[in-house]
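This report refers to the structure that appears directly beneath it.
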Amino acid sequence: MNTEIKNWIEVKPIGLLLFLVFSLLITNGCSLWQGKAAKGMPCLVAPEHIEGLYGTKLTAADTPARMIRLKLSPDHHSEMITDSLDDKPALIENGQWECRYTSKVTVKLTGRIGQLYEKPEIINFTIDGDSLSAIQYDNDKWGNEGLRLERNPEVTGIVWRLVQIQYANNTAIVPEDPSKYALILSQDGTVTVRADCNRGMGTYLMAGPWLVIRKLAYTHMICMENSLFDPYTKALEAVSSCMFRDGNFYIMLQTDSGVMKFEPAVE
(Lines give C-alpha, C1' and ligand atoms only; values in the text may rest on other atoms or scores of the structure.)
Protein backbone atom coordinates (compact mmCIF):
# COMPACT_ATOMS: atom_id res chain seq x y z
CA MET A 1 0.00 0.00 0.00
CA ASN A 2 1.56 3.33 -1.05
CA THR A 3 1.82 6.40 1.22
CA GLU A 4 -1.05 8.31 -0.42
CA ILE A 5 -3.58 5.47 0.10
CA LYS A 6 -2.34 4.95 3.67
CA ASN A 7 -2.78 8.64 4.51
CA TRP A 8 -6.18 8.72 2.85
CA ILE A 9 -7.40 5.73 4.93
CA GLU A 10 -6.02 7.27 8.16
CA VAL A 11 -7.72 10.59 7.48
CA LYS A 12 -11.04 9.10 6.42
CA PRO A 13 -12.00 5.86 8.28
CA ILE A 14 -14.81 5.25 5.79
CA GLY A 15 -12.13 4.90 3.15
CA LEU A 16 -10.89 1.68 4.73
CA LEU A 17 -14.31 0.07 4.35
CA LEU A 18 -14.60 1.17 0.73
CA PHE A 19 -11.10 -0.09 -0.02
CA LEU A 20 -11.89 -3.55 1.42
CA VAL A 21 -15.18 -3.82 -0.47
CA PHE A 22 -13.50 -2.82 -3.71
CA SER A 23 -10.75 -5.41 -3.18
CA LEU A 24 -13.30 -8.18 -2.52
CA LEU A 25 -15.25 -7.32 -5.65
CA ILE A 26 -12.15 -7.51 -7.80
CA THR A 27 -10.97 -10.79 -6.24
CA ASN A 28 -14.37 -12.53 -6.41
CA GLY A 29 -15.05 -11.25 -9.89
CA CYS A 30 -11.78 -12.64 -11.22
CA SER A 31 -12.35 -15.96 -9.47
CA LEU A 32 -15.83 -16.32 -10.92
CA TRP A 33 -14.63 -15.42 -14.39
CA GLN A 34 -11.73 -17.86 -14.20
CA GLY A 35 -14.03 -20.60 -12.88
CA LYS A 36 -16.51 -20.17 -15.73
CA ALA A 37 -13.73 -20.08 -18.29
CA ALA A 38 -12.05 -23.18 -16.89
CA LYS A 39 -15.33 -25.07 -16.82
CA GLY A 40 -15.88 -24.56 -20.51
CA MET A 41 -12.31 -25.00 -21.71
CA PRO A 42 -10.79 -28.28 -22.87
CA CYS A 43 -7.89 -29.85 -21.00
CA LEU A 44 -4.60 -28.20 -21.82
CA VAL A 45 -2.91 -31.59 -21.50
CA ALA A 46 -4.83 -34.79 -22.37
CA PRO A 47 -4.42 -37.80 -20.07
CA GLU A 48 -1.31 -39.80 -20.85
CA HIS A 49 -1.68 -42.39 -23.62
CA ILE A 50 -5.35 -41.50 -24.30
CA GLU A 51 -4.59 -41.45 -28.03
CA GLY A 52 -4.99 -44.72 -29.88
CA LEU A 53 -7.53 -47.25 -31.14
CA TYR A 54 -10.67 -48.36 -29.32
CA GLY A 55 -13.56 -50.55 -30.34
CA THR A 56 -16.36 -52.98 -29.67
CA LYS A 57 -18.84 -55.27 -31.37
CA LEU A 58 -22.53 -54.40 -31.18
CA THR A 59 -25.18 -57.08 -31.50
CA ALA A 60 -28.94 -56.80 -31.24
CA ALA A 61 -31.93 -58.98 -32.06
CA ASP A 62 -33.34 -56.57 -34.63
CA THR A 63 -30.10 -55.30 -36.25
CA PRO A 64 -27.05 -56.97 -37.83
CA ALA A 65 -23.84 -57.21 -35.81
CA ARG A 66 -21.49 -54.25 -36.19
CA MET A 67 -17.87 -53.70 -35.34
CA ILE A 68 -17.06 -50.17 -34.20
CA ARG A 69 -13.53 -48.79 -34.17
CA LEU A 70 -12.63 -45.30 -32.94
CA LYS A 71 -9.24 -43.74 -33.60
CA LEU A 72 -8.07 -40.78 -31.50
CA SER A 73 -5.02 -39.28 -33.21
CA PRO A 74 -2.41 -37.14 -31.40
CA ASP A 75 -3.42 -34.15 -33.57
CA HIS A 76 -6.99 -34.48 -32.17
CA HIS A 77 -8.39 -35.89 -35.40
CA SER A 78 -10.98 -38.65 -34.85
CA GLU A 79 -12.07 -41.47 -37.12
CA MET A 80 -15.03 -43.79 -36.51
CA ILE A 81 -15.32 -46.99 -38.58
CA THR A 82 -18.61 -48.90 -38.55
CA ASP A 83 -18.34 -52.29 -40.23
CA SER A 84 -21.57 -54.28 -40.65
CA LEU A 85 -19.64 -57.51 -41.22
CA ASP A 86 -21.10 -58.01 -44.67
CA ASP A 87 -19.94 -57.42 -48.22
CA LYS A 88 -20.75 -53.71 -48.08
CA PRO A 89 -17.98 -51.12 -47.55
CA ALA A 90 -17.50 -49.94 -43.98
CA LEU A 91 -18.79 -46.49 -43.01
CA ILE A 92 -15.89 -44.17 -42.20
CA GLU A 93 -16.73 -40.94 -40.35
CA ASN A 94 -14.22 -38.21 -39.53
CA GLY A 95 -14.08 -35.36 -37.08
CA GLN A 96 -12.24 -34.08 -34.03
CA TRP A 97 -11.90 -35.01 -30.38
CA GLU A 98 -11.01 -33.11 -27.24
CA CYS A 99 -10.52 -33.85 -23.58
CA ARG A 100 -12.48 -32.11 -20.82
CA TYR A 101 -12.02 -32.14 -17.04
CA THR A 102 -9.13 -34.64 -17.58
CA SER A 103 -11.64 -37.51 -17.34
CA LYS A 104 -13.99 -37.00 -20.30
CA VAL A 105 -13.56 -37.17 -24.07
CA THR A 106 -15.86 -35.46 -26.55
CA VAL A 107 -15.88 -36.80 -30.11
CA LYS A 108 -17.42 -34.68 -32.87
CA LEU A 109 -18.11 -36.54 -36.12
CA THR A 110 -18.40 -33.90 -38.83
CA GLY A 111 -18.81 -35.99 -41.98
CA ARG A 112 -17.70 -38.81 -44.21
CA ILE A 113 -15.86 -38.91 -47.53
CA GLY A 114 -17.69 -36.60 -49.91
CA GLN A 115 -20.30 -35.54 -47.36
CA LEU A 116 -20.16 -32.88 -44.65
CA TYR A 117 -22.84 -33.19 -41.97
CA GLU A 118 -25.12 -30.20 -41.45
CA LYS A 119 -24.85 -30.81 -37.71
CA PRO A 120 -21.94 -32.70 -36.12
CA GLU A 121 -22.73 -35.88 -34.23
CA ILE A 122 -21.42 -35.55 -30.68
CA ILE A 123 -20.51 -38.48 -28.44
CA ASN A 124 -19.34 -37.84 -24.89
CA PHE A 125 -17.23 -40.52 -23.19
CA THR A 126 -15.84 -40.98 -19.71
CA ILE A 127 -12.33 -42.40 -19.43
CA ASP A 128 -12.32 -45.66 -17.51
CA GLY A 129 -8.83 -47.14 -17.49
CA ASP A 130 -8.27 -48.53 -20.99
CA SER A 131 -11.92 -48.08 -21.98
CA LEU A 132 -14.19 -45.25 -23.12
CA SER A 133 -17.78 -45.41 -21.85
CA ALA A 134 -20.32 -43.26 -23.73
CA ILE A 135 -22.56 -41.15 -21.50
CA GLN A 136 -24.18 -39.08 -24.25
CA TYR A 137 -24.83 -40.49 -27.71
CA ASP A 138 -27.50 -41.15 -30.33
CA ASN A 139 -29.51 -44.13 -29.06
CA ASP A 140 -31.26 -44.54 -32.40
CA LYS A 141 -27.89 -45.05 -34.10
CA TRP A 142 -25.98 -47.01 -31.46
CA GLY A 143 -28.79 -48.79 -29.59
CA ASN A 144 -29.86 -48.79 -25.96
CA GLU A 145 -27.42 -51.38 -24.63
CA GLY A 146 -24.68 -48.83 -24.07
CA LEU A 147 -21.54 -47.95 -26.02
CA ARG A 148 -18.32 -49.01 -24.31
CA LEU A 149 -15.14 -49.06 -26.37
CA GLU A 150 -12.09 -51.02 -25.23
CA ARG A 151 -8.53 -50.21 -26.24
CA ASN A 152 -7.07 -52.41 -28.99
CA PRO A 153 -4.35 -54.78 -27.81
CA GLU A 154 -0.90 -53.59 -28.94
CA VAL A 155 -0.03 -56.41 -31.32
CA THR A 156 0.52 -54.67 -34.66
CA GLY A 157 3.87 -54.61 -36.43
CA ILE A 158 5.10 -57.75 -34.64
CA VAL A 159 5.97 -61.05 -36.31
CA TRP A 160 3.88 -63.63 -34.46
CA ARG A 161 4.66 -67.30 -34.90
CA LEU A 162 2.20 -70.08 -34.16
CA VAL A 163 2.71 -72.06 -30.95
CA GLN A 164 -0.40 -74.21 -31.17
CA ILE A 165 -4.07 -74.43 -32.09
CA GLN A 166 -6.07 -75.78 -29.17
CA TYR A 167 -9.53 -77.04 -30.14
CA ALA A 168 -12.60 -77.29 -27.92
CA ASN A 169 -12.63 -81.10 -28.24
CA ASN A 170 -9.30 -81.21 -26.32
CA THR A 171 -7.22 -81.88 -29.42
CA ALA A 172 -4.34 -79.63 -30.41
CA ILE A 173 -2.07 -78.94 -33.38
CA VAL A 174 1.55 -78.02 -32.63
CA PRO A 175 3.87 -77.11 -35.52
CA GLU A 176 7.31 -78.69 -35.57
CA ASP A 177 8.75 -75.38 -36.77
CA PRO A 178 6.66 -72.41 -35.49
CA SER A 179 8.50 -70.00 -37.77
CA LYS A 180 6.78 -71.59 -40.78
CA TYR A 181 3.39 -70.38 -39.52
CA ALA A 182 3.61 -66.65 -38.93
CA LEU A 183 1.25 -63.68 -38.81
CA ILE A 184 1.82 -59.91 -39.07
CA LEU A 185 -0.95 -57.37 -38.50
CA SER A 186 0.18 -54.06 -39.99
CA GLN A 187 -1.07 -50.66 -38.89
CA ASP A 188 -2.51 -49.97 -42.35
CA GLY A 189 -5.09 -52.76 -41.94
CA THR A 190 -3.29 -55.42 -43.98
CA VAL A 191 -2.38 -58.86 -42.69
CA THR A 192 0.56 -60.93 -43.92
CA VAL A 193 0.61 -64.70 -43.40
CA ARG A 194 3.25 -67.36 -43.74
CA ALA A 195 1.62 -70.80 -44.02
CA ASP A 196 4.41 -73.31 -44.42
CA CYS A 197 5.71 -73.03 -48.00
CA ASN A 198 3.06 -70.48 -49.01
CA ARG A 199 2.56 -66.79 -48.36
CA GLY A 200 -0.71 -64.95 -48.03
CA MET A 201 -2.13 -61.44 -47.69
CA GLY A 202 -5.48 -59.99 -46.74
CA THR A 203 -7.14 -57.33 -44.65
CA TYR A 204 -8.27 -57.19 -41.04
CA LEU A 205 -10.22 -55.03 -38.64
CA MET A 206 -9.57 -55.01 -34.91
CA ALA A 207 -12.05 -53.25 -32.64
CA GLY A 208 -11.09 -53.65 -29.00
CA PRO A 209 -10.91 -57.42 -28.40
CA TRP A 210 -12.86 -58.22 -31.58
CA LEU A 211 -11.09 -59.27 -34.76
CA VAL A 212 -12.09 -60.14 -38.30
CA ILE A 213 -9.73 -61.21 -41.12
CA ARG A 214 -10.89 -61.03 -44.72
CA LYS A 215 -9.88 -61.63 -48.32
CA LEU A 216 -6.92 -63.87 -47.58
CA ALA A 217 -5.20 -65.00 -50.78
CA TYR A 218 -2.24 -67.39 -50.88
CA THR A 219 0.42 -68.59 -53.26
CA HIS A 220 -0.08 -72.10 -54.63
CA MET A 221 3.08 -74.00 -53.77
CA ILE A 222 2.73 -77.68 -52.89
CA CYS A 223 4.04 -78.20 -49.34
CA MET A 224 5.29 -81.38 -47.64
CA GLU A 225 2.80 -84.05 -46.51
CA ASN A 226 3.02 -83.07 -42.83
CA SER A 227 2.13 -79.45 -43.61
CA LEU A 228 -0.34 -77.64 -41.38
CA PHE A 229 -1.33 -75.29 -44.21
CA ASP A 230 -4.97 -76.43 -44.30
CA PRO A 231 -5.85 -76.30 -40.55
CA TYR A 232 -3.86 -73.09 -40.06
CA THR A 233 -5.45 -71.16 -42.91
CA LYS A 234 -8.89 -72.53 -42.06
CA ALA A 235 -8.51 -71.26 -38.49
CA LEU A 236 -7.50 -67.79 -39.72
CA GLU A 237 -10.75 -67.59 -41.68
CA ALA A 238 -12.76 -68.27 -38.50
CA VAL A 239 -11.28 -65.75 -36.07
CA SER A 240 -13.63 -64.01 -33.66
CA SER A 241 -11.70 -62.14 -30.98
CA CYS A 242 -8.21 -61.75 -29.57
CA MET A 243 -6.16 -60.70 -26.58
CA PHE A 244 -2.58 -60.02 -25.54
CA ARG A 245 -1.43 -61.69 -22.33
CA ASP A 246 1.95 -62.46 -20.78
CA GLY A 247 3.75 -61.54 -23.98
CA ASN A 248 1.68 -63.89 -26.13
CA PHE A 249 -1.06 -63.21 -28.67
CA TYR A 250 -4.22 -65.31 -28.51
CA ILE A 251 -6.88 -65.51 -31.23
CA MET A 252 -10.22 -67.08 -30.36
CA LEU A 253 -12.17 -68.89 -33.06
CA GLN A 254 -15.87 -68.57 -33.81
CA THR A 255 -18.44 -70.51 -31.75
CA ASP A 256 -15.75 -71.14 -29.10
CA SER A 257 -14.31 -73.87 -31.30
CA GLY A 258 -10.69 -73.22 -30.42
CA VAL A 259 -7.83 -70.86 -29.56
CA MET A 260 -4.70 -70.03 -31.55
CA LYS A 261 -1.64 -69.12 -29.50
CA PHE A 262 1.19 -67.06 -30.99
CA GLU A 263 4.51 -65.90 -29.58
CA PRO A 264 6.78 -63.13 -30.89
CA ALA A 265 9.43 -64.35 -33.29
CA VAL A 266 12.99 -64.27 -31.98
CA GLU A 267 15.22 -62.18 -34.18
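Here's how to read the names in the C-alpha coordinates: chain A, B, ... by the order shown, residue numbers from 1 in each chain, ligand numbers from 1 in the order shown.
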If we count only C-alpha atoms and set the cut-off at 12 Å, which residues sit around segment 168-179 of chain A, ignoring sequence neighbours fewer than 2 positions away in its own chain? Please answer as a ChimeraX atom specification.
/A:159-166,181-183,193-197,226-232,235,252-267
Taking only C-alpha atoms into account, produce a table as CSV in which each residue of segment 52-103 of chain A with an atom at most 7 Å from an atom of segment 202-207 of chain A appears once, together with its shortest atom pair and the distance in Å to one decimal, ordered by chain and rising number.
residue,atom,partner,partner_atom,distance
A:Tyr54,CA,A:Ala207,CA,6.1
A:Gly55,CA,A:Ala207,CA,3.8
A:Thr56,CA,A:Ala207,CA,5.2
A:Met67,CA,A:Ala207,CA,6.4
A:Ile68,CA,A:Ala207,CA,6.1
A:Arg69,CA,A:Ala207,CA,4.9
List every residue of segment 134-231 of chain A that DSSP, applied to the backbone of this structure, places in strand (DSSP E), and write the result as an MDAnalysis selection string.
chainID A and resid 134:136 148:151 160:167 172:173 181:185 190:195 198:207 210:218
Could you pull out the residues in segment 163-257 of chain A that DSSP calls helix (DSSP H, G or I) from the backbone, as JSON, numbers by chain?
{"A": [178, 179, 180, 229, 230, 231, 232, 233, 234, 235, 236, 254, 255, 256]}
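Atom pair atom CA of Arg214 of chain A / atom CA of Asp246 of chain A: separated by 27.2 Å.
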